[in-house]
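What's in data.txt: compact mmCIF, C-alpha atoms
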```
# COMPACT_ATOMS: atom_id res chain seq x y z
CA MET L 272 98.61 93.37 93.45
CA LEU L 273 100.49 96.36 92.19
CA LEU L 274 104.00 96.81 93.38
CA LYS L 275 104.48 100.42 92.47
CA PHE L 276 102.22 103.26 93.45
CA LYS L 277 101.49 106.31 91.37
CA ASP L 278 101.01 109.77 92.79
CA ASP L 279 97.60 110.57 91.41
CA LYS L 280 95.65 108.95 94.25
CA PRO L 281 96.23 108.18 97.92
CA VAL L 282 98.06 104.87 98.39
CA TYR L 283 95.23 103.21 100.35
CA ILE L 284 92.78 103.80 97.50
CA GLN L 285 95.23 102.37 94.97
CA LEU L 286 95.67 99.36 97.23
CA ALA L 287 91.91 98.74 97.48
CA GLU L 288 91.54 99.11 93.71
CA SER L 289 94.38 96.71 92.97
CA ILE L 290 92.89 94.06 95.25
CA GLU L 291 89.57 94.57 93.45
CA ASP L 292 91.38 94.02 90.14
CA ASP L 293 92.79 90.78 91.52
CA ILE L 294 89.31 89.67 92.59
CA LEU L 295 87.97 90.48 89.12
CA ARG L 296 90.73 88.40 87.58
CA GLU L 297 89.98 85.67 90.12
CA ILE L 298 93.48 85.72 91.56
CA PHE L 299 91.69 86.10 94.90
CA GLN L 300 88.59 83.91 94.73
CA GLU L 301 85.41 84.26 96.73
CA ASP L 302 85.57 82.80 100.24
CA THR L 303 89.32 82.42 100.06
CA LYS L 304 91.87 84.28 102.11
CA ILE L 305 93.44 87.53 100.96
CA ILE L 306 96.96 88.14 102.25
CA SER L 307 97.09 89.81 105.66
CA THR L 308 97.60 93.53 106.20
CA THR L 309 101.03 92.76 107.65
CA GLU L 310 102.02 90.85 104.52
CA ILE L 311 100.66 93.65 102.36
CA SER L 312 102.59 96.32 104.25
CA VAL L 313 105.86 94.39 104.22
CA LYS L 314 105.56 93.36 100.56
CA LEU L 315 104.57 96.82 99.34
CA LYS L 316 106.68 98.69 101.90
CA ILE L 317 103.75 100.76 103.13
CA ASN L 318 102.69 101.78 106.61
CA PRO L 319 100.41 99.15 108.23
CA ALA L 320 97.84 101.86 109.02
CA THR L 321 97.67 102.65 105.30
CA ALA L 322 97.22 98.98 104.42
CA LEU L 323 94.47 98.68 107.02
CA LYS L 324 92.73 101.73 105.60
CA GLY L 325 92.72 100.16 102.13
CA ILE L 326 91.33 96.88 103.46
CA THR L 327 88.69 98.75 105.50
CA ILE L 328 87.29 100.23 102.27
CA LEU L 329 86.78 96.70 100.95
CA VAL L 330 85.17 95.57 104.21
CA ASP L 331 82.85 98.57 104.30
CA GLU L 332 81.72 97.85 100.75
CA GLY L 333 81.07 94.20 101.55
CA ILE L 334 83.80 93.02 99.21
CA ALA L 335 85.92 91.47 101.95
CA TYR L 336 85.22 90.26 105.46
CA LYS L 337 87.27 89.56 108.53
CA LYS L 338 87.45 86.21 110.29
CA ARG L 339 88.68 86.77 113.80
CA GLY L 340 92.15 85.38 114.26
CA VAL L 341 92.25 83.92 110.76
CA GLY L 342 92.48 86.88 108.41
CA MET L 343 90.73 88.62 105.54
CA PHE L 344 88.49 86.79 103.12
CA VAL L 345 86.81 87.67 99.83
CA SER L 346 83.03 87.94 100.31
CA LYS L 347 80.52 85.89 98.36
CA GLY L 348 79.31 87.91 95.40
CA ALA L 349 82.32 90.26 95.66
CA LYS L 350 83.12 89.95 91.97
CA ASN L 351 79.59 90.97 90.97
CA LYS L 352 79.63 93.85 93.41
CA ILE L 353 82.86 95.18 91.96
CA MET L 354 81.57 94.75 88.42
CA THR L 355 78.38 96.68 89.19
CA LYS L 356 80.33 99.44 90.89
CA ARG L 357 82.87 99.72 88.08
CA LYS L 358 80.13 99.67 85.42
CA ASN L 359 78.47 102.60 87.17
CA SER L 360 81.64 104.62 87.03
CA PHE L 361 82.68 103.42 83.56
CA TYR L 362 81.41 106.57 81.85
CA GLU L 363 83.27 108.86 84.22
CA SER L 364 86.48 106.83 84.33
CA PHE L 365 86.85 105.85 80.69
CA ILE L 366 84.42 107.60 78.34
CA GLN L 367 84.87 111.13 79.65
CA PRO L 368 88.67 111.10 79.26
CA ILE L 369 88.22 109.81 75.69
CA LEU L 370 85.77 112.60 74.91
CA GLY L 371 88.10 115.16 76.46
CA GLU L 372 91.09 114.02 74.42
CA ALA L 373 88.93 113.77 71.28
CA GLU L 374 87.80 117.36 71.75
CA LYS L 375 91.41 118.54 71.88
CA LEU L 376 92.16 116.61 68.68
CA GLU L 377 88.90 117.67 67.03
CA ILE L 378 87.76 114.09 66.59
CA SER L 379 83.99 113.86 66.24
CA LYS L 380 81.79 111.47 68.22
CA GLU L 381 80.92 109.68 64.98
CA GLU L 382 84.59 109.08 64.31
CA ILE L 383 85.03 107.66 67.80
CA ILE L 384 82.11 105.31 67.29
CA GLU L 385 83.65 104.17 64.00
CA MET L 386 86.94 103.53 65.77
CA ILE L 387 85.23 101.44 68.44
CA LYS L 388 83.42 99.44 65.80
CA GLY L 389 86.62 99.02 63.84
CA GLY L 390 88.42 97.88 66.95
CA LYS L 391 85.82 95.22 67.52
CA ASP L 392 86.02 94.06 63.92
CA SER L 393 89.76 93.86 63.87
CA GLU L 394 89.60 91.58 66.90
CA HIS L 395 87.78 89.01 64.77
CA ASN L 396 90.23 89.24 61.89
CA MET Y 633 100.63 105.80 127.29
CA ASN Y 634 104.08 106.99 126.38
CA THR Y 635 103.31 110.21 124.60
CA ILE Y 636 106.35 112.42 124.04
CA LYS Y 637 105.68 116.13 124.42
CA VAL Y 638 108.13 118.76 123.31
CA LYS Y 639 107.06 122.11 124.72
CA GLY Y 640 108.60 125.35 123.50
CA VAL Y 641 112.07 123.86 123.30
CA THR Y 642 115.02 125.97 122.18
CA LYS Y 643 118.62 124.79 122.03
CA ILE Y 644 121.36 127.34 121.65
CA TYR Y 645 124.97 126.12 121.34
CA ASP Y 646 127.79 128.28 122.70
CA SER Y 647 125.26 131.05 123.30
CA LYS Y 648 125.21 131.90 119.60
CA THR Y 649 124.04 129.02 117.36
CA THR Y 650 120.32 128.30 117.60
CA ALA Y 651 119.96 124.65 116.54
CA VAL Y 652 116.35 124.21 117.62
CA ASP Y 653 114.08 127.21 117.81
CA ASP Y 654 110.93 127.18 119.98
CA ALA Y 655 109.88 123.67 118.91
CA SER Y 656 106.61 122.18 120.10
CA LEU Y 657 105.53 118.65 119.18
CA THR Y 658 103.40 115.77 120.33
CA ILE Y 659 104.57 112.27 119.47
CA GLU Y 660 101.71 109.84 119.94
CA PRO Y 661 102.39 106.24 120.90
CA ASN Y 662 102.59 103.40 118.39
CA LYS Y 663 102.91 105.40 115.22
CA ILE Y 664 105.75 105.68 112.72
CA TYR Y 665 107.00 109.25 112.38
CA GLY Y 666 109.28 110.68 109.76
CA LEU Y 667 111.45 113.52 111.03
CA LEU Y 668 112.46 115.26 107.84
CA GLY Y 669 114.79 118.15 107.31
CA ARG Y 670 117.71 119.27 105.23
CA ASN Y 671 121.27 118.88 106.43
CA GLY Y 672 121.83 120.99 109.52
CA ALA Y 673 118.10 121.63 110.02
CA GLY Y 674 118.23 120.47 113.64
CA LYS Y 675 117.04 116.85 113.34
CA THR Y 676 119.83 115.30 115.39
CA THR Y 677 119.69 118.05 118.02
CA LEU Y 678 115.97 117.42 118.44
CA LEU Y 679 116.54 113.66 118.87
CA ASN Y 680 119.37 114.31 121.34
CA LEU Y 681 117.03 116.52 123.33
CA MET Y 682 114.24 113.93 123.35
CA THR Y 683 116.60 111.28 124.64
CA ASP Y 684 118.12 113.54 127.29
CA LYS Y 685 121.60 113.41 125.73
CA ILE Y 686 121.64 117.20 125.84
CA PHE Y 687 119.57 119.72 127.76
CA PRO Y 688 117.32 122.36 126.29
CA THR Y 689 118.25 126.01 126.73
CA GLU Y 690 114.56 126.69 127.15
CA GLY Y 691 111.37 124.65 127.35
CA GLU Y 692 110.81 121.08 128.46
CA ILE Y 693 110.30 117.59 127.11
CA THR Y 694 108.07 115.05 128.82
CA ILE Y 695 107.40 111.38 128.28
CA ALA Y 696 104.21 109.98 129.79
CA GLY Y 697 103.89 113.28 131.64
CA LEU Y 698 107.31 113.16 133.31
CA ASN Y 699 110.26 115.34 132.42
CA VAL Y 700 112.85 113.33 130.43
CA ASN Y 701 115.65 114.20 132.81
CA GLU Y 702 113.82 112.77 135.80
CA ASN Y 703 112.36 109.84 133.93
CA ASP Y 704 115.07 107.17 134.05
CA LYS Y 705 112.56 104.38 133.78
CA MET Y 706 111.19 105.69 130.52
CA LEU Y 707 114.62 106.37 129.08
CA ALA Y 708 115.41 102.69 129.58
CA SER Y 709 112.49 101.77 127.36
CA MET Y 710 113.74 104.10 124.63
CA PHE Y 711 116.34 103.04 122.11
CA TYR Y 712 118.23 105.72 120.23
CA MET Y 713 120.10 104.66 117.10
CA MET Y 714 122.66 107.45 116.85
CA GLN Y 715 124.74 108.54 113.90
CA THR Y 716 127.85 108.70 116.03
CA ASP Y 717 129.48 105.50 117.26
CA ALA Y 718 128.74 105.33 120.96
CA TYR Y 719 130.40 101.93 121.27
CA PRO Y 720 133.98 100.83 121.93
CA LEU Y 721 135.34 100.46 118.40
CA SER Y 722 137.63 97.57 119.33
CA MET Y 723 134.74 95.37 120.46
CA LYS Y 724 133.30 92.67 118.28
CA VAL Y 725 129.73 92.80 117.01
CA LYS Y 726 128.70 89.69 118.94
CA GLU Y 727 130.22 91.06 122.15
CA LEU Y 728 128.23 94.23 121.69
CA PHE Y 729 125.05 92.22 121.27
CA LYS Y 730 125.69 90.72 124.73
CA TRP Y 731 126.65 94.13 126.10
CA THR Y 732 123.39 95.66 124.84
CA LYS Y 733 121.44 92.87 126.53
CA LYS Y 734 122.79 94.14 129.86
CA PHE Y 735 121.28 97.58 129.34
CA TYR Y 736 118.15 96.52 127.51
CA VAL Y 737 116.77 93.47 129.26
CA HIS Y 738 114.21 92.87 126.53
CA PHE Y 739 116.89 92.81 123.82
CA ASP Y 740 116.16 89.82 121.57
CA MET Y 741 119.46 88.04 120.97
CA ASP Y 742 118.05 85.45 118.55
CA TYR Y 743 116.37 88.11 116.45
CA ALA Y 744 119.59 90.16 116.38
CA SER Y 745 121.56 87.13 115.18
CA ALA Y 746 118.93 86.32 112.55
CA LEU Y 747 119.06 89.92 111.30
CA ALA Y 748 122.86 89.86 111.19
CA LYS Y 749 122.66 86.74 109.02
CA LYS Y 750 120.04 88.29 106.78
CA PHE Y 751 122.12 91.43 106.22
CA GLN Y 752 125.32 89.35 106.02
CA LEU Y 753 126.89 91.23 108.89
CA ASP Y 754 129.91 89.29 110.16
CA ILE Y 755 129.41 89.26 113.94
CA THR Y 756 133.02 88.24 114.60
CA LYS Y 757 134.26 91.55 113.18
CA LYS Y 758 135.26 94.48 115.33
CA ILE Y 759 133.29 97.70 114.95
CA HIS Y 760 136.24 99.59 113.49
CA GLU Y 761 136.56 96.93 110.79
CA LEU Y 762 133.05 97.62 109.51
CA SER Y 763 132.30 99.88 106.55
CA THR Y 764 130.05 102.93 107.01
CA GLY Y 765 127.08 100.97 105.66
CA TYR Y 766 127.69 98.02 107.97
CA ARG Y 767 128.12 100.30 110.98
CA SER Y 768 124.65 101.65 110.23
CA ILE Y 769 123.32 98.11 109.78
CA PHE Y 770 124.88 97.05 113.08
CA LYS Y 771 123.18 99.93 114.89
CA ASP Y 772 119.90 99.33 113.07
CA ILE Y 773 119.95 95.72 114.25
CA LEU Y 774 120.49 96.80 117.84
CA ALA Y 775 117.54 99.17 117.55
CA LEU Y 776 115.23 96.65 115.88
CA ALA Y 777 116.08 93.91 118.40
CA SER Y 778 115.94 96.23 121.42
CA ASN Y 779 112.22 95.68 121.94
CA ALA Y 780 112.05 99.21 123.31
CA GLU Y 781 108.68 100.98 123.35
CA ILE Y 782 110.12 104.01 121.63
CA VAL Y 783 112.78 103.61 118.95
CA LEU Y 784 114.49 106.60 117.39
CA PHE Y 785 116.59 106.22 114.26
CA ASP Y 786 118.96 108.97 113.17
CA GLU Y 787 119.73 108.41 109.48
CA PRO Y 788 119.29 104.61 109.63
CA VAL Y 789 120.15 104.06 105.98
CA LEU Y 790 123.35 106.11 105.93
CA GLY Y 791 125.81 104.31 103.64
CA LEU Y 792 123.45 101.42 102.90
CA ASP Y 793 123.15 100.18 99.32
CA THR Y 794 119.73 100.01 97.62
CA ASN Y 795 119.12 96.36 98.52
CA HIS Y 796 119.96 96.91 102.16
CA ARG Y 797 117.81 100.05 102.35
CA ASP Y 798 114.93 98.07 100.91
CA MET Y 799 115.52 95.24 103.41
CA PHE Y 800 115.77 97.67 106.29
CA TYR Y 801 112.42 99.34 105.62
CA ARG Y 802 110.67 95.98 105.14
CA GLU Y 803 112.18 94.73 108.39
CA LEU Y 804 111.08 97.91 110.14
CA ILE Y 805 107.49 97.45 108.96
CA LYS Y 806 107.50 93.76 109.92
CA ASN Y 807 108.90 94.59 113.34
CA TYR Y 808 106.31 97.33 113.88
CA SER Y 809 103.41 95.13 112.70
CA GLN Y 810 104.36 92.35 115.08
CA LYS Y 811 105.04 94.63 118.05
CA PRO Y 812 103.59 98.10 117.63
CA LYS Y 813 105.84 100.79 119.05
CA THR Y 814 106.63 104.45 118.59
CA ILE Y 815 109.18 104.86 115.83
CA ILE Y 816 110.83 108.07 114.73
CA VAL Y 817 112.94 107.92 111.59
CA SER Y 818 115.07 110.96 110.91
CA THR Y 819 116.28 111.09 107.34
CA HIS Y 820 116.96 113.33 104.41
CA ILE Y 821 116.35 110.51 101.91
CA ILE Y 822 112.62 111.08 101.67
CA ASP Y 823 111.34 109.15 98.68
CA GLU Y 824 111.98 105.75 100.23
CA VAL Y 825 110.37 106.55 103.54
CA ALA Y 826 107.29 108.33 102.11
CA ASP Y 827 104.94 105.33 102.20
CA VAL Y 828 106.45 103.86 105.37
CA ILE Y 829 105.66 106.72 107.72
CA GLU Y 830 102.22 107.68 108.98
CA GLU Y 831 103.08 111.09 110.39
CA VAL Y 832 105.48 113.71 109.15
CA ILE Y 833 107.45 116.30 111.09
CA ILE Y 834 109.34 118.81 109.02
CA ILE Y 835 112.06 120.87 110.61
CA ASN Y 836 113.66 123.73 108.75
CA LYS Y 837 116.40 125.99 110.16
CA GLY Y 838 115.57 124.79 113.67
CA LYS Y 839 111.86 125.49 113.40
CA ILE Y 840 109.11 122.88 113.16
CA ILE Y 841 107.23 123.95 110.06
CA ARG Y 842 104.87 120.99 109.70
CA GLU Y 843 103.52 118.32 112.02
CA GLN Y 844 100.69 116.30 110.53
CA SER Y 845 99.69 113.01 108.94
CA VAL Y 846 101.30 112.26 105.58
CA GLU Y 847 97.83 112.15 104.08
CA ASN Y 848 96.93 115.65 105.29
CA PHE Y 849 100.32 116.96 104.30
CA LEU Y 850 99.93 115.69 100.75
CA SER Y 851 96.44 117.11 100.38
CA SER Y 852 97.52 120.52 101.65
CA ALA Y 853 98.85 121.51 98.24
CA TYR Y 854 98.64 120.67 94.54
CA VAL Y 855 100.53 121.44 91.36
CA ILE Y 856 99.34 123.32 88.30
CA ALA Y 857 100.96 123.65 84.90
CA GLY Y 858 99.98 125.63 81.84
CA ARG Y 859 100.67 128.70 79.75
CA GLU Y 860 102.27 131.44 81.80
CA ASP Y 861 99.53 134.08 81.48
CA LYS Y 862 96.82 131.54 82.22
CA VAL Y 863 98.63 130.11 85.21
CA ASP Y 864 99.05 133.66 86.54
CA LYS Y 865 95.33 134.17 86.15
CA TYR Y 866 94.57 130.98 88.11
CA LEU Y 867 97.00 132.02 90.84
CA GLU Y 868 95.25 135.35 91.47
CA ASN Y 869 94.27 135.53 95.16
CA ARG Y 870 95.90 132.18 95.84
CA GLU Y 871 98.98 131.34 97.89
CA PHE Y 872 101.58 129.68 95.72
CA ILE Y 873 105.23 128.93 95.08
CA ILE Y 874 106.59 129.04 91.55
CA GLU Y 875 108.39 125.82 90.68
CA GLU Y 876 109.60 126.42 87.19
CA THR Y 877 109.16 128.47 84.04
CA ILE Y 878 110.19 126.68 80.86
CA GLY Y 879 109.61 129.01 77.93
CA ALA Y 880 105.91 129.86 78.06
CA LEU Y 881 105.17 126.94 80.37
CA LYS Y 882 104.75 127.73 84.02
CA ILE Y 883 104.55 125.22 86.87
CA ALA Y 884 103.48 126.25 90.36
CA THR Y 885 102.59 124.60 93.64
CA VAL Y 886 99.38 126.03 95.03
CA MET Y 887 99.44 126.10 98.81
CA GLU Y 888 95.81 125.39 99.51
CA SER Y 889 93.82 122.27 100.26
CA GLU Y 890 93.29 120.01 97.31
CA LYS Y 891 89.57 120.26 98.04
CA ASN Y 892 89.62 123.93 97.09
CA LYS Y 893 91.06 123.44 93.65
CA ASN Y 894 88.91 124.99 90.93
CA GLU Y 895 88.69 122.32 88.27
CA LYS Y 896 86.25 124.32 86.17
CA LEU Y 897 88.54 127.34 86.01
CA ALA Y 898 91.53 125.09 85.30
CA LYS Y 899 89.69 123.53 82.40
CA GLU Y 900 88.74 126.93 80.98
CA LEU Y 901 92.34 128.07 81.24
CA ASN Y 902 93.65 124.79 79.84
CA ILE Y 903 95.63 124.16 83.00
CA GLU Y 904 96.70 120.73 84.14
CA LEU Y 905 96.19 119.86 87.81
CA SER Y 906 98.18 117.19 89.62
CA ASN Y 907 98.92 115.94 93.10
CA VAL Y 908 102.14 116.56 94.96
CA GLU Y 909 104.67 113.98 96.08
CA LEU Y 910 106.10 114.04 99.57
CA GLN Y 911 109.65 114.69 98.38
CA LYS Y 912 108.67 117.46 95.97
CA LEU Y 913 106.52 119.27 98.50
CA PHE Y 914 109.30 118.92 101.05
CA ILE Y 915 111.78 120.53 98.66
CA THR Y 916 109.31 123.31 97.87
CA ILE Y 917 108.68 124.33 101.46
CA THR Y 918 112.25 123.99 102.72
CA ARG Y 919 114.02 125.91 99.93
```

Show me the file's structure as structure tokens.
Amino acid sequence: MLLKFKDDKPVYIQLAESIEDDILREIFQEDTKIISTTEISVKLKINPATALKGITILVDEGIAYKKRGVGMFVSKGAKNKIMTKRKNSFYESFIQPILGEAEKLEISKEEIIEMIKGGKDSEHN
Amino acid sequence: MNTIKVKGVTKIYDSKTTAVDDASLTIEPNKIYGLLGRNGAGKTTLLNLMTDKIFPTEGEITIAGLNVNENDKMLASMFYMMQTDAYPLSMKVKELFKWTKKFYVHFDMDYASALAKKFQLDITKKIHELSTGYRSIFKDILALASNAEIVLFDEPVLGLDTNHRDMFYRELIKNYSQKPKTIIVSTHIIDEVADVIEEVIIINKGKIIREQSVENFLSSAYVIAGREDKVDKYLENREFIIEETIGALKIATVMESEKNKNEKLAKELNIELSNVELQKLFITITR
């Protein structure tokens, strides 16, 4: 979970995204407990209403669920759900900024493709 | 519920200094409020009025529908952490814990002792032997352990070092999570309190200029930066405040909802858009 918030997005959205990251990395595993909203607010020094709002996003999307009196849990299939969602927004979140920066630097699409290929190759070296 | 209503309140000192000017506010129960203002903006006067320490020149303040000056019962369930030392300076910390218990029956002695230990406050010391920071800590502990339904803090981190400020805000959140209550934190150190508070009240030169959720406050403006002529073009027919001009670079805060920002135009003009921070926006509107 991130410990420092940036200013580009509301805190509750950053919180939800960082918990998703932790689910993707299997720090929080399916059907196990996520730390409580109280723990989140104290640890991150954020208002409990903000923490609750972040968690509510995850509940609404079926990524987390509440067990009365016990706490928040990661849903079954949460990791897949997050992966599908992130894949759908991959173009917007990652490719578009690359294309925008490339345009400023007058880098052609072909050059970008070469770079990606090169990057993959160099991983094997 | 214990809603606090401030209705058209004005406070004039010595029939010449207007400290609070026609202020109207609604403090809803069980939320954390930040009362923000520059030095001398009227924060303390407003808190003194809410707690019936002083009387308004005009207007009235009610808690749960009753006027504060006829609402003794409610005042007993309010704890006001004041900047001034309202305690006998020759008394020891532990004696004052016991003394507080007499006035606030729900005062949690064990919690107060645990907090004192945590903050390394020596409870055998007399108040006048404490440093500025520890006097604040002492008063913060009283407020946190008071178990009052409404807790008002006037500059709770005055003189506290970074570690203690950090501890205080964590303790405040923990306390609030375990027993929800109305909390008002008056401070001019805004950065640290930005994520802690849910609602923001901004007072400037005695006037309440903003009263809204932090979220709405932050989305009520955004920042643009770009070449001077292009920024000017974007700002046409928009309400704005110029932040800075560095050579040909111009930075401005646009005072309109984030939702109304014109990303297409910004892109055409090669202008960068960004969100505002609580502290920056505060500085902008209280200059």

Could you pull the residues within 7 Å of Glu787 (chain Y), counting all atoms listed in the file, minus those fewer than 4 positions along the same chain, as number ranges by chain? Y: 715, 818-819

Could you build a table of the residues in chain L lying no more than 7 Å from chain Y, giving for each the nearest pair of atoms and their separation in Å rounded to one decimal place, using all atoms listed in the file, ordered by chain and ascending residue number, as a tab-separated table?
```
residue	atom	partner	partner_atom	distance
L:Asp278	CA	Y:Glu909	CA	6.5
L:Asp279	CA	Y:Asn907	CA	5.8
L:Thr309	CA	Y:Ser809	CA	6.1
L:Ser312	CA	Y:Ile805	CA	6.9
L:Val313	CA	Y:Arg802	CA	5.1
L:Lys316	CA	Y:Arg802	CA	5.8
L:Ile317	CA	Y:Val828	CA	4.7
L:Asn318	CA	Y:Val828	CA	4.5
L:Pro319	CA	Y:Ser809	CA	6.7
```

Residues near Leu728 (chain Y), cut-off 12 Å, all atoms listed in the file, skip fewer than 3 positions along chain, as a PyMOL selection string: chain Y and resi 718-725+731-736+739+741+744-745+755-759+770-771+773-774

With only C-alpha atoms as the counted atoms, please give the residues lying no more than 12 Å from region 357-372 of chain L, apart from itself and same-chain residues fewer than 2 positions off, as a list in words. Glu288, Glu291, Asp292, Leu295, Lys350, Asn351, Lys352, Ile353, Met354, Thr355, Glu374, Lys375, Leu376, Glu377, Ile378, Ser379, Lys380, Glu381, Glu382, Ile383, Ile384, Met386 and Ile387 of chain L; Lys899 and Asn902 of chain Y

Point-to-point distance from CA of Phe872 (chain Y) to CA of Thr321 (chain L), Å rounded to tenths: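 Interatomic distance here is 28.9 Å.
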
Take the point (113.2, 116.7, 129.6) in the file's coordinates, draw a sphere of radius 9 Å around it, and report as number ranges by chain every protein, DNA or RNA residue with an atom inside or on it, counting only C-alpha atoms. Y: 638, 681-684, 687-688, 691-695, 698-703

Let me make sure I understand: among Y:Phe729, Y:Phe914, Y:Phe800, Y:Phe711, which one has the smallest atom-to-atom distance to Arg842 (chain Y) if we use only C-alpha atoms?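 Among the listed residues, Y:Phe914 lies closest to Arg842 (chain Y).
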